file model-v2.cif (mmCIF, C-alpha atoms)
data_start
#
loop_
_atom_site.label_atom_id
_atom_site.label_comp_id
_atom_site.auth_asym_id
_atom_site.auth_seq_id
_atom_site.Cartn_x
_atom_site.Cartn_y
_atom_site.Cartn_z
CA ASN A 1 0.00 0.00 0.00
CA PRO A 2 1.67 3.25 -1.10
CA ASN A 3 0.10 5.15 1.80
CA ILE A 4 1.87 3.03 4.42
CA ARG A 5 5.18 4.19 5.84
CA LYS A 6 7.77 2.26 7.80
CA MET A 7 7.84 2.95 11.53
CA SER A 8 11.19 4.63 11.18
CA GLY A 9 9.70 7.15 8.75
CA THR A 10 6.84 9.60 9.06
CA PRO A 11 3.31 9.58 7.67
CA ALA A 12 2.68 11.40 4.43
CA SER A 13 2.07 15.12 4.84
CA SER A 14 -0.49 15.16 2.06
CA ALA A 15 -3.20 13.68 4.24
CA THR A 16 -6.76 14.67 3.50
CA PRO A 17 -7.92 17.59 5.69
CA GLN A 18 -10.05 16.42 8.57
CA SER A 19 -12.66 18.02 10.76
CA ALA A 20 -11.76 19.65 14.06
CA LYS A 21 -13.62 16.89 15.89
CA THR A 22 -11.57 14.20 14.17
CA ARG A 23 -8.29 16.04 14.83
CA LYS A 24 -9.26 16.37 18.48
CA GLU A 25 -10.07 12.66 18.70
CA GLU A 26 -6.77 11.74 17.07
CA SER A 27 -4.87 14.09 19.33
CA SER A 28 -6.46 12.48 22.36
CA PHE A 29 -5.73 9.03 20.99
CA LEU A 30 -2.11 9.82 20.15
CA GLY A 31 -1.67 11.11 23.66
CA LYS A 32 -2.51 7.67 24.95
CA LEU A 33 0.20 6.22 22.75
CA GLY A 34 2.89 8.38 24.30
CA GLY A 35 3.62 6.33 27.37
CA THR A 36 5.34 3.00 27.68
CA LEU A 37 3.95 0.01 29.44
CA VAL A 38 6.57 -2.15 31.03
CA ARG A 39 4.86 -5.50 31.21
CA ARG A 40 7.13 -8.16 29.94
CA LYS A 41 6.93 -11.75 31.02
CA LYS A 42 9.93 -13.98 30.93
CA SER A 43 10.43 -15.24 27.42
CA LYS A 44 10.13 -18.88 28.48
CA GLU A 45 6.80 -18.24 30.21
CA VAL A 46 5.43 -16.57 27.10
CA SER A 47 6.75 -19.38 24.90
CA ASP A 48 5.18 -22.01 27.14
CA LEU A 49 1.85 -20.20 27.09
CA HIS A 50 1.96 -19.96 23.30
CA GLU A 51 2.63 -23.70 23.07
CA GLU A 52 -0.19 -24.48 25.52
CA GLY A 53 -2.62 -22.41 23.46
CA LYS A 54 -1.51 -24.05 20.22
CA ASN A 55 -1.99 -27.51 21.70
CA ALA A 56 -5.42 -26.58 23.05
CA ILE A 57 -6.49 -25.51 19.57
CA ASN A 58 -5.06 -28.42 17.62
CA THR A 59 -5.88 -31.32 19.96
CA PRO A 60 -9.67 -31.33 19.59
CA MET A 61 -9.39 -31.45 15.80
CA LEU A 62 -9.29 -35.25 16.05
CA PRO A 63 -12.85 -36.60 15.83
CA THR A 64 -12.51 -38.59 19.03
CA GLY A 65 -16.16 -39.58 19.11
CA THR A 66 -15.99 -41.39 15.79
CA ASP A 67 -14.56 -44.84 15.28
CA VAL A 68 -12.59 -45.19 12.04
CA HIS A 69 -12.43 -48.86 11.21
CA PRO A 70 -9.19 -50.24 9.73
CA GLU A 71 -10.91 -51.25 6.48
CA ASP A 72 -11.94 -47.63 5.96
CA THR A 73 -8.28 -46.66 5.71
CA LEU A 74 -7.44 -49.19 3.00
CA LEU A 75 -7.16 -46.55 0.31
CA GLU A 76 -4.74 -45.63 -2.41
CA GLU A 77 -2.33 -42.79 -1.71
CA ASN A 78 -4.13 -39.41 -1.33
CA ALA A 79 -7.50 -41.09 -1.90
CA GLU A 80 -10.20 -40.20 0.60
CA ARG A 81 -13.34 -41.79 1.96
CA ILE A 82 -16.30 -39.86 3.32
CA MET A 83 -18.54 -41.47 5.93
CA LEU A 84 -21.53 -40.20 7.85
CA ASP A 85 -20.68 -39.36 11.43
CA PRO A 86 -22.83 -41.70 13.60
CA THR A 87 -24.18 -38.78 15.63
CA SER A 88 -25.75 -37.31 12.48
CA ARG A 89 -27.97 -40.36 12.07
CA GLU A 90 -29.97 -39.04 15.00
CA ASN A 91 -30.32 -35.59 13.43
CA LEU A 92 -34.08 -35.05 13.26
CA LYS A 93 -33.99 -33.01 10.05
CA PHE A 94 -31.78 -35.58 8.36
CA LYS A 95 -34.10 -38.42 9.44
CA ASP A 96 -37.02 -36.41 8.08
CA LEU A 97 -35.16 -35.98 4.77
CA LEU A 98 -34.57 -39.75 4.54
CA LYS A 99 -38.27 -40.46 5.15
CA VAL A 100 -39.36 -37.93 2.51
CA LEU A 101 -37.01 -39.47 -0.06
CA ILE A 102 -38.10 -43.04 0.72
CA ASP A 103 -41.80 -42.15 0.48
CA TRP A 104 -41.16 -40.33 -2.80
CA ILE A 105 -39.31 -43.29 -4.37
CA ASN A 106 -42.00 -45.72 -3.25
CA SER A 107 -44.69 -43.50 -4.73
CA GLU A 108 -42.87 -43.20 -8.06
CA LEU A 109 -42.10 -46.92 -8.32
CA GLU A 110 -45.42 -48.21 -7.04
CA GLU A 111 -46.33 -49.65 -10.45
CA ASP A 112 -43.03 -51.58 -10.49
CA ARG A 113 -43.95 -53.09 -7.13
CA ILE A 114 -40.68 -51.89 -5.68
CA ILE A 115 -40.68 -51.00 -2.00
CA VAL A 116 -37.69 -49.19 -0.50
CA LYS A 117 -37.22 -49.40 3.25
CA ASP A 118 -33.55 -48.50 3.67
CA LEU A 119 -31.67 -46.23 1.25
CA GLU A 120 -28.27 -47.78 1.92
CA GLU A 121 -29.38 -51.39 1.52
CA ASP A 122 -31.82 -50.82 -1.32
CA CYS A 123 -29.90 -48.40 -3.55
CA TYR A 124 -26.33 -49.66 -3.56
CA ASP A 125 -26.72 -52.22 -6.38
CA GLY A 126 -28.14 -49.72 -8.89
CA GLN A 127 -31.51 -51.39 -9.40
CA VAL A 128 -33.63 -48.75 -7.63
CA LEU A 129 -31.55 -45.88 -9.03
CA GLN A 130 -32.02 -47.28 -12.55
CA LYS A 131 -35.79 -47.52 -12.13
CA ILE A 132 -36.23 -44.07 -10.58
CA PHE A 133 -34.09 -42.43 -13.27
CA GLU A 134 -35.98 -44.19 -16.08
CA LYS A 135 -39.32 -43.19 -14.56
CA LEU A 136 -38.35 -39.53 -14.12
CA SER A 137 -36.48 -39.05 -17.39
CA GLY A 138 -38.60 -41.23 -19.65
CA ARG A 139 -35.43 -42.89 -20.91
CA LYS A 140 -34.74 -46.61 -21.05
CA LEU A 141 -31.20 -47.53 -20.04
CA ASN A 142 -29.37 -50.43 -21.67
CA VAL A 143 -28.56 -52.43 -18.54
CA ALA A 144 -29.31 -55.90 -17.22
CA GLU A 145 -32.45 -55.96 -15.10
CA VAL A 146 -31.06 -58.03 -12.24
CA THR A 147 -27.38 -58.49 -11.39
CA GLN A 148 -26.03 -60.38 -8.39
CA SER A 149 -22.29 -60.08 -8.93
CA GLU A 150 -20.32 -57.08 -7.70
CA ILE A 151 -18.88 -56.50 -11.18
CA GLY A 152 -22.35 -56.53 -12.73
CA GLN A 153 -23.72 -54.18 -10.08
CA LYS A 154 -20.92 -51.71 -10.61
CA GLN A 155 -21.35 -51.84 -14.37
CA LYS A 156 -25.02 -51.02 -13.92
CA LEU A 157 -24.16 -48.17 -11.55
CA GLN A 158 -21.63 -46.85 -14.06
CA THR A 159 -24.29 -46.68 -16.79
CA VAL A 160 -26.88 -45.10 -14.48
CA LEU A 161 -24.53 -42.48 -13.06
CA GLU A 162 -23.18 -41.53 -16.47
CA ALA A 163 -26.74 -40.85 -17.59
CA VAL A 164 -27.47 -38.89 -14.40
CA ASN A 165 -24.30 -36.79 -14.70
CA ASP A 166 -24.92 -36.04 -18.38
CA LEU A 167 -28.35 -34.75 -17.40
CA LEU A 168 -27.47 -32.76 -14.27
CA ARG A 169 -24.02 -31.35 -14.99
CA PRO A 170 -25.20 -28.75 -17.56
CA HIS A 171 -27.53 -27.38 -14.87
CA GLY A 172 -24.74 -26.64 -12.41
CA TRP A 173 -24.72 -29.80 -10.34
CA THR A 174 -21.41 -31.28 -9.23
CA SER A 175 -21.10 -35.05 -8.89
CA GLU A 176 -20.95 -35.65 -5.15
CA TRP A 177 -21.36 -39.36 -5.82
CA SER A 178 -19.47 -42.13 -7.59
CA VAL A 179 -19.83 -45.80 -8.44
CA ASP A 180 -17.60 -46.80 -5.54
CA SER A 181 -19.32 -44.56 -2.96
CA ILE A 182 -22.82 -45.71 -3.94
CA HIS A 183 -21.84 -49.38 -4.04
CA ALA A 184 -20.13 -49.00 -0.65
CA LYS A 185 -23.55 -47.95 0.74
CA ASN A 186 -22.33 -44.44 1.46
CA LEU A 187 -25.50 -42.74 2.69
CA VAL A 188 -24.09 -39.25 2.16
CA ALA A 189 -23.52 -39.90 -1.56
CA ILE A 190 -26.85 -41.69 -2.01
CA VAL A 191 -28.80 -38.83 -0.44
CA TYR A 192 -26.90 -36.24 -2.50
CA LEU A 193 -27.89 -38.09 -5.67
CA LEU A 194 -31.56 -38.48 -4.73
CA VAL A 195 -31.90 -34.85 -3.63
CA ALA A 196 -30.37 -33.74 -6.93
CA LEU A 197 -32.81 -35.87 -8.92
CA ALA A 198 -35.81 -34.74 -6.86
CA MET A 199 -34.94 -31.09 -7.31
CA HIS A 200 -34.06 -31.34 -10.99
CA PHE A 201 -37.31 -33.09 -11.86
CA GLN A 202 -39.29 -30.84 -9.51
CA ALA A 203 -40.66 -33.75 -7.53
CA PRO A 204 -44.03 -33.03 -5.86
CA ILE A 205 -42.51 -33.29 -2.40
CA ARG A 206 -41.36 -30.82 0.21
CA LEU A 207 -37.70 -31.31 1.06
CA PRO A 208 -36.68 -30.14 4.53
CA GLU A 209 -34.76 -26.88 4.38
CA HIS A 210 -31.12 -26.46 5.41
CA VAL A 211 -30.43 -30.03 6.50
CA SER A 212 -26.85 -30.42 7.70
CA VAL A 213 -24.87 -33.46 8.76
CA GLN A 214 -21.33 -34.11 9.86
CA VAL A 215 -19.14 -36.50 7.94
CA VAL A 216 -15.79 -38.06 8.72
CA VAL A 217 -13.25 -37.60 5.95
CA VAL A 218 -10.47 -40.20 5.96
CA LYS A 219 -7.45 -39.56 3.75
CA VAL A 220 -4.42 -41.81 3.53
CA GLN A 221 -1.04 -40.16 3.05
CA TRP A 222 1.59 -42.78 2.51
CA PRO A 223 3.50 -44.45 3.94
CA LEU A 224 1.78 -44.40 7.31
CA ALA A 225 -0.18 -41.23 7.98
CA VAL A 226 -3.97 -41.39 8.12
CA ASP A 227 -5.71 -38.02 8.28
CA SER A 228 -9.21 -38.11 9.76
CA HIS A 229 -11.26 -34.96 10.23
CA LEU A 230 -14.84 -33.69 10.30
CA GLN A 231 -16.72 -31.68 7.72
CA ASP A 232 -20.18 -30.17 7.68
CA ARG A 233 -22.32 -31.20 4.71
CA TYR A 234 -25.43 -29.27 3.80
CA TYR A 235 -28.42 -30.36 1.74
CA TYR A 236 -30.02 -27.09 0.71
CA SER A 237 -33.38 -27.10 -1.05
CA SER A 238 -34.46 -23.85 -2.58
CA SER A 239 -38.00 -22.85 -3.41
CA ASN A 240 -36.55 -22.21 -6.86
CA PRO A 241 -35.79 -25.71 -8.22
CA LEU A 242 -33.76 -24.24 -11.07
CA ASN A 243 -31.11 -23.00 -8.66
CA PRO A 244 -30.25 -26.01 -6.49
CA ARG A 245 -27.08 -26.10 -4.47
CA ILE A 246 -25.43 -28.65 -2.25
CA PHE A 247 -22.28 -27.42 -0.62
CA THR A 248 -19.58 -28.30 1.86
CA THR A 249 -17.81 -26.29 4.54
CA GLU A 250 -14.60 -27.51 6.08
CA ARG A 251 -14.72 -27.56 9.87
CA ASP A 252 -11.62 -26.01 11.33
CA ALA A 253 -9.98 -26.15 14.75
CA PHE A 254 -12.28 -23.54 16.26
CA ASP A 255 -15.48 -25.33 15.25
CA THR A 256 -14.22 -28.41 17.02
CA LEU A 257 -12.82 -26.45 19.95
CA LEU A 258 -16.11 -24.73 20.72
CA ASP A 259 -18.21 -27.85 20.07
CA HIS A 260 -16.15 -30.49 21.83
CA ALA A 261 -13.53 -28.85 24.06
CA PRO A 262 -15.02 -25.68 25.57
CA ASP A 263 -12.90 -26.29 28.67
CA LYS A 264 -9.82 -25.40 26.63
CA LEU A 265 -11.30 -22.15 25.30
CA ASN A 266 -9.87 -20.05 28.13
CA VAL A 267 -6.40 -21.47 27.49
CA VAL A 268 -6.63 -20.40 23.86
CA LYS A 269 -7.97 -16.96 24.79
CA THR A 270 -5.18 -16.43 27.30
CA SER A 271 -2.54 -17.43 24.79
CA LEU A 272 -3.90 -15.08 22.12
CA ILE A 273 -4.33 -12.20 24.57
CA THR A 274 -0.72 -12.62 25.68
CA PHE A 275 0.40 -12.57 22.05
CA VAL A 276 -1.51 -9.42 21.04
CA ASN A 277 -0.61 -7.55 24.23
CA LYS A 278 3.06 -8.30 23.70
CA HIS A 279 2.83 -5.98 20.69
CA LEU A 280 0.01 -3.58 21.59
CA ASN A 281 1.73 -2.79 24.88
CA LYS A 282 4.30 -0.89 22.80
CA LEU A 283 1.54 1.66 22.16
CA ASN A 284 0.37 1.61 25.77
CA LEU A 285 -2.69 -0.39 24.72
CA GLU A 286 -3.97 -3.57 26.32
CA VAL A 287 -6.59 -6.15 25.42
CA THR A 288 -8.67 -8.02 27.99
CA GLU A 289 -11.70 -9.03 25.86
CA LEU A 290 -10.99 -10.55 22.46
CA GLU A 291 -14.54 -10.36 21.08
CA SER A 292 -15.30 -6.73 21.85
CA GLN A 293 -11.94 -4.97 21.61
CA PHE A 294 -11.21 -6.14 18.06
CA ALA A 295 -14.76 -5.64 16.80
CA ASP A 296 -14.24 -2.13 15.43
CA GLY A 297 -11.06 -3.09 13.56
CA VAL A 298 -8.84 -0.38 15.09
CA TYR A 299 -6.71 -2.72 17.18
CA LEU A 300 -6.39 -5.13 14.24
CA ILE A 301 -5.01 -2.35 12.03
CA LEU A 302 -2.60 -1.12 14.70
CA LEU A 303 -1.50 -4.69 15.42
CA MET A 304 -0.70 -5.30 11.75
CA GLY A 305 1.38 -2.11 11.67
CA LEU A 306 3.34 -3.29 14.71
CA LEU A 307 3.84 -6.82 13.37
CA GLU A 308 4.98 -5.61 9.94
CA ASP A 309 6.85 -2.57 11.33
CA TYR A 310 5.07 0.22 9.47
CA PHE A 311 2.96 3.23 10.29
CA VAL A 312 -0.62 3.21 9.04
CA PRO A 313 -1.74 6.78 8.27
CA LEU A 314 -4.78 7.65 10.36
CA TYR A 315 -6.70 8.88 7.35
CA ASN A 316 -6.76 5.33 5.94
CA PHE A 317 -9.26 4.14 8.53
CA PHE A 318 -11.79 5.32 11.09
CA LEU A 319 -10.00 5.90 14.36
CA THR A 320 -13.20 6.16 16.38
CA PRO A 321 -15.79 4.35 14.24
CA GLU A 322 -19.38 4.97 15.18
CA SER A 323 -21.45 3.16 12.56
CA PHE A 324 -21.54 -0.50 11.62
CA GLU A 325 -20.32 0.36 8.13
CA GLN A 326 -17.27 2.20 9.47
CA LYS A 327 -16.34 -0.78 11.65
CA VAL A 328 -16.72 -3.19 8.73
CA HIS A 329 -14.51 -0.86 6.65
CA ASN A 330 -11.82 -1.03 9.33
CA VAL A 331 -11.87 -4.81 9.65
CA ALA A 332 -11.85 -5.25 5.87
CA PHE A 333 -8.88 -2.86 5.66
CA ALA A 334 -7.06 -4.91 8.32
CA PHE A 335 -7.70 -8.03 6.21
CA GLU A 336 -6.14 -6.25 3.22
CA LEU A 337 -3.05 -5.46 5.29
CA MET A 338 -2.81 -9.13 6.27
CA GLN A 339 -2.91 -10.22 2.64
CA ASP A 340 -0.36 -7.53 1.74
CA GLY A 341 1.85 -9.15 4.37
CA GLY A 342 1.65 -12.51 2.61
CA LEU A 343 -1.05 -14.09 4.76
CA LYS A 344 -3.95 -16.02 3.27
CA LYS A 345 -7.29 -14.27 3.03
CA PRO A 346 -9.02 -14.75 6.41
CA LYS A 347 -11.84 -17.28 6.42
CA ALA A 348 -13.89 -14.98 8.63
CA ARG A 349 -16.03 -12.20 7.18
CA PRO A 350 -15.50 -8.62 8.39
CA ASP A 351 -19.11 -8.26 9.50
CA ASP A 352 -18.83 -11.42 11.63
CA VAL A 353 -15.96 -9.86 13.56
CA VAL A 354 -17.93 -6.63 13.97
CA ASN A 355 -20.91 -8.64 15.23
CA LEU A 356 -18.75 -10.01 18.08
CA ASN A 357 -18.59 -13.52 16.65
CA LEU A 358 -15.99 -15.17 18.87
CA LYS A 359 -15.17 -17.97 16.45
CA SER A 360 -14.43 -15.51 13.64
CA THR A 361 -12.27 -13.31 15.86
CA LEU A 362 -10.33 -16.34 17.10
CA ARG A 363 -9.68 -17.46 13.53
CA VAL A 364 -8.26 -14.07 12.57
CA LEU A 365 -6.06 -13.74 15.64
CA TYR A 366 -4.82 -17.32 15.47
CA ASN A 367 -3.78 -16.72 11.87
CA LEU A 368 -1.66 -13.81 13.09
CA PHE A 369 -0.39 -15.84 16.03
CA THR A 370 0.89 -18.69 13.84
CA ASN A 371 2.67 -16.30 11.48
CA TYR A 372 4.11 -13.79 13.93
CA LYS A 373 4.48 -15.66 17.24
CA ASN A 374 8.27 -15.25 17.11
CA SER A 375 8.18 -11.54 16.25
CA GLU A 376 9.57 -9.12 18.82
#
call {"tool": "encode", "arguments": {"input": "model-v2.cif", "output": "structure tokens"}}
result
Amino acid sequence: NPNIRKMSGTPASSATPQSAKTRKEESSFLGKLGGTLVRRKKSKEVSDLHEEGKNAINTPMLPTGTDVHPEDTLLEENAERIMLDPTSRENLKFKDLLKVLIDWINSELEEDRIIVKDLEEDCYDGQVLQKIFEKLSGRKLNVAEVTQSEIGQKQKLQTVLEAVNDLLRPHGWTSEWSVDSIHAKNLVAIVYLLVALAMHFQAPIRLPEHVSVQVVVVKVQWPLAVDSHLQDRYYYSSSNPLNPRIFTTERDAFDTLLDHAPDKLNVVKTSLITFVNKHLNKLNLEVTELESQFADGVYLILLMGLLEDYFVPLYNFFLTPESFEQKVHNVAFAFELMQDGGLKKPKARPDDVVNLNLKSTLRVLYNLFTNYKNSE
């Protein structure tokens, strides 16, 4: 940013003229920066606290409540397997979605005298999927009617899914299913496929809105490492069937921390507060509440200047923001400074930080912590 000067220099003299009120506010603010706050902990204590906070954040990332069976890790290098987290089977909205889909299939295939009771057990061999696709599309697929062998079942699935993908892909659908996942009775993939078909053909049913489940993603990284983590999966049905979307959001450390290890939250907060105060203390500023004191973006901007060793001209941001828009401007500007410093774009949104969303604020500060924890 051409308007940023190194700390050793001085801010540009061509600053935009400001009102008397603003100059008075800045004068008062700069007066607070004049002192020095001598609060330094021993370097080892600070280092230990940083390490304790890092461990508290990273430890709960392991989905301890989910058993990953050995056969689920028998994958090729970098291949991954997605399985429904057992706790999601008790999700009432998800159970409602399964019932709606089963009733719909049974209604459509009533003339074929096909009765579906369990989506995993009744859809994996391709027979039901073939029949429902033929009924909805009016197309007859060139496949064997009944196949008992695994090879024959997969060949049927291959033909059915190719026809489905050719139909849905031009309308913006992504293939969240495969021959292997369907044949392995992967309920997540089966439900994705059925929801896509129901929405594309405007089935006369009411799909539950905003159904979300957790899945366990297992990825093998040779020779020995097995990565297992949680994701949120959403089945989103819109009232406009021409604009369907199914999407995924990766759960990060802070989702897991707040959901499964709230007892470690204070450790993380303490570690991050120690980190930010180590630098803000140079301006005689101190943070005690992470959510509220970073919500207007001012401390984030000043912190970035300290970490990157430059002066941020006061006319680039609102020093005493009063409106929501001014606060969002400040936080967004701080995000720009982070990216200018080589950091990835924060996952959090500026308005989430302004709205005192703790998870979003923690994400932003932890990103700074991991990149600048050794800065003096």
call {"tool": "closest_residue", "arguments": {"input": "model-v2.cif", "among": "A:Leu84, A:Leu343, A:Leu187, A:Leu300", "to": "A:His279", "atoms": "only C-alpha atoms"}}
result
A:Leu300
call {"tool": "resolve_selection", "arguments": {"input": "model-v2.cif", "expression": "the PyMOL selection byres ((chain A and resi 185) around 8)", "output": "PDB file with C-alpha atoms, in the coordinates of the input"}}
result
ATOM      1  CA  GLU A 120     -28.270 -47.780   1.920  1.00  0.00           C
ATOM      2  CA  GLU A 121     -29.380 -51.390   1.520  1.00  0.00           C
ATOM      3  CA  CYS A 123     -29.900 -48.400  -3.550  1.00  0.00           C
ATOM      4  CA  TYR A 124     -26.330 -49.660  -3.560  1.00  0.00           C
ATOM      5  CA  SER A 181     -19.320 -44.560  -2.960  1.00  0.00           C
ATOM      6  CA  ILE A 182     -22.820 -45.710  -3.940  1.00  0.00           C
ATOM      7  CA  HIS A 183     -21.840 -49.380  -4.040  1.00  0.00           C
ATOM      8  CA  ALA A 184     -20.130 -49.000  -0.650  1.00  0.00           C
ATOM      9  CA  ASN A 186     -22.330 -44.440   1.460  1.00  0.00           C
ATOM     10  CA  LEU A 187     -25.500 -42.740   2.690  1.00  0.00           C
ATOM     11  CA  ILE A 190     -26.850 -41.690  -2.010  1.00  0.00           C
TER      12      ILE A 190
END
call {"tool": "residues_around", "arguments": {"input": "model-v2.cif", "residues": "stretch 167-180 of chain A", "least_positions_apart": "3", "cutoff": "8 Å", "atoms": "only C-alpha atoms", "output": "PyMOL selection string"}}
result
chain A and resi 154+157-158+161+163-164+183-184+189-190+192-193+196+200+242+244-245
call {"tool": "atom_distance", "arguments": {"input": "model-v2.cif", "atom1": "atom CA of A:Leu97", "atom2": "atom CA of A:Val191"}}
result
8.7 Å
call {"tool": "closest_residue", "arguments": {"input": "model-v2.cif", "among": "A:Ile105, A:Val354, A:Val287, A:Val215", "to": "A:Thr274", "atoms": "all atoms listed in the file"}}
result
A:Val287
call {"tool": "closest_residue", "arguments": {"input": "model-v2.cif", "among": "A:Phe369, A:Phe275, A:Phe94, A:Tyr299", "to": "A:Asn330", "atoms": "all atoms listed in the file"}}
result
A:Tyr299
call {"tool": "closest_residue", "arguments": {"input": "model-v2.cif", "among": "A:Val143, A:Gln130, A:Asp352, A:Tyr366", "to": "A:Val268", "atoms": "all atoms listed in the file"}}
result
A:Tyr366
call {"tool": "closest_residue", "arguments": {"input": "model-v2.cif", "among": "A:Gly152, A:Thr159, A:Glu289, A:Val100", "to": "A:Pro204", "atoms": "all atoms listed in the file"}}
result
A:Val100
call {"tool": "residues_near_point", "arguments": {"input": "model-v2.cif", "point": "(-1.9, -2.9, 11.4)", "cutoff": "10 Å", "atoms": "only C-alpha atoms", "output": "compact mmCIF listing (two decimals) with C-alpha atoms, in the coordinates of the input"}}
result
# COMPACT_ATOMS: atom_id res chain seq x y z
CA ILE A 4 1.87 3.03 4.42
CA GLY A 297 -11.06 -3.09 13.56
CA VAL A 298 -8.84 -0.38 15.09
CA TYR A 299 -6.71 -2.72 17.18
CA LEU A 300 -6.39 -5.13 14.24
CA ILE A 301 -5.01 -2.35 12.03
CA LEU A 302 -2.60 -1.12 14.70
CA LEU A 303 -1.50 -4.69 15.42
CA MET A 304 -0.70 -5.30 11.75
CA GLY A 305 1.38 -2.11 11.67
CA LEU A 306 3.34 -3.29 14.71
CA LEU A 307 3.84 -6.82 13.37
CA GLU A 308 4.98 -5.61 9.94
CA ASP A 309 6.85 -2.57 11.33
CA TYR A 310 5.07 0.22 9.47
CA PHE A 311 2.96 3.23 10.29
CA VAL A 312 -0.62 3.21 9.04
CA PHE A 333 -8.88 -2.86 5.66
CA ALA A 334 -7.06 -4.91 8.32
CA PHE A 335 -7.70 -8.03 6.21
CA GLU A 336 -6.14 -6.25 3.22
CA LEU A 337 -3.05 -5.46 5.29
CA MET A 338 -2.81 -9.13 6.27
call {"tool": "closest_residue", "arguments": {"input": "model-v2.cif", "among": "A:Arg349, A:Val211, A:Asn355, A:Ser271", "to": "A:Leu98", "atoms": "all atoms listed in the file"}}
result
A:Val211
call {"tool": "atom_distance", "arguments": {"input": "model-v2.cif", "atom1": "atom CA of A:Val353", "atom2": "atom CA of A:Gln293"}}
result
10.2 Å
call {"tool": "resolve_selection", "arguments": {"input": "model-v2.cif", "expression": "the PyMOL selection byres ((chain A and resi 356) around 9)", "output": "MDAnalysis selection string"}}
result
chainID A and resid 290:292 294:295 351:355 357:361
call {"tool": "atom_distance", "arguments": {"input": "model-v2.cif", "atom1": "atom CA of A:Pro350", "atom2": "atom CA of A:Asn367"}}
result
14.7 Å
call {"tool": "resolve_selection", "arguments": {"input": "model-v2.cif", "expression": "the PyMOL selection byres ((chain A and resi 327) around 8)", "output": "list in words"}}
result
Ala295, Asp296, Gly297, Phe318, Pro321, Glu322, Ser323, Phe324, Glu325, Gln326, Val328, His329, Asn330, Val331 and Val354 of chain A
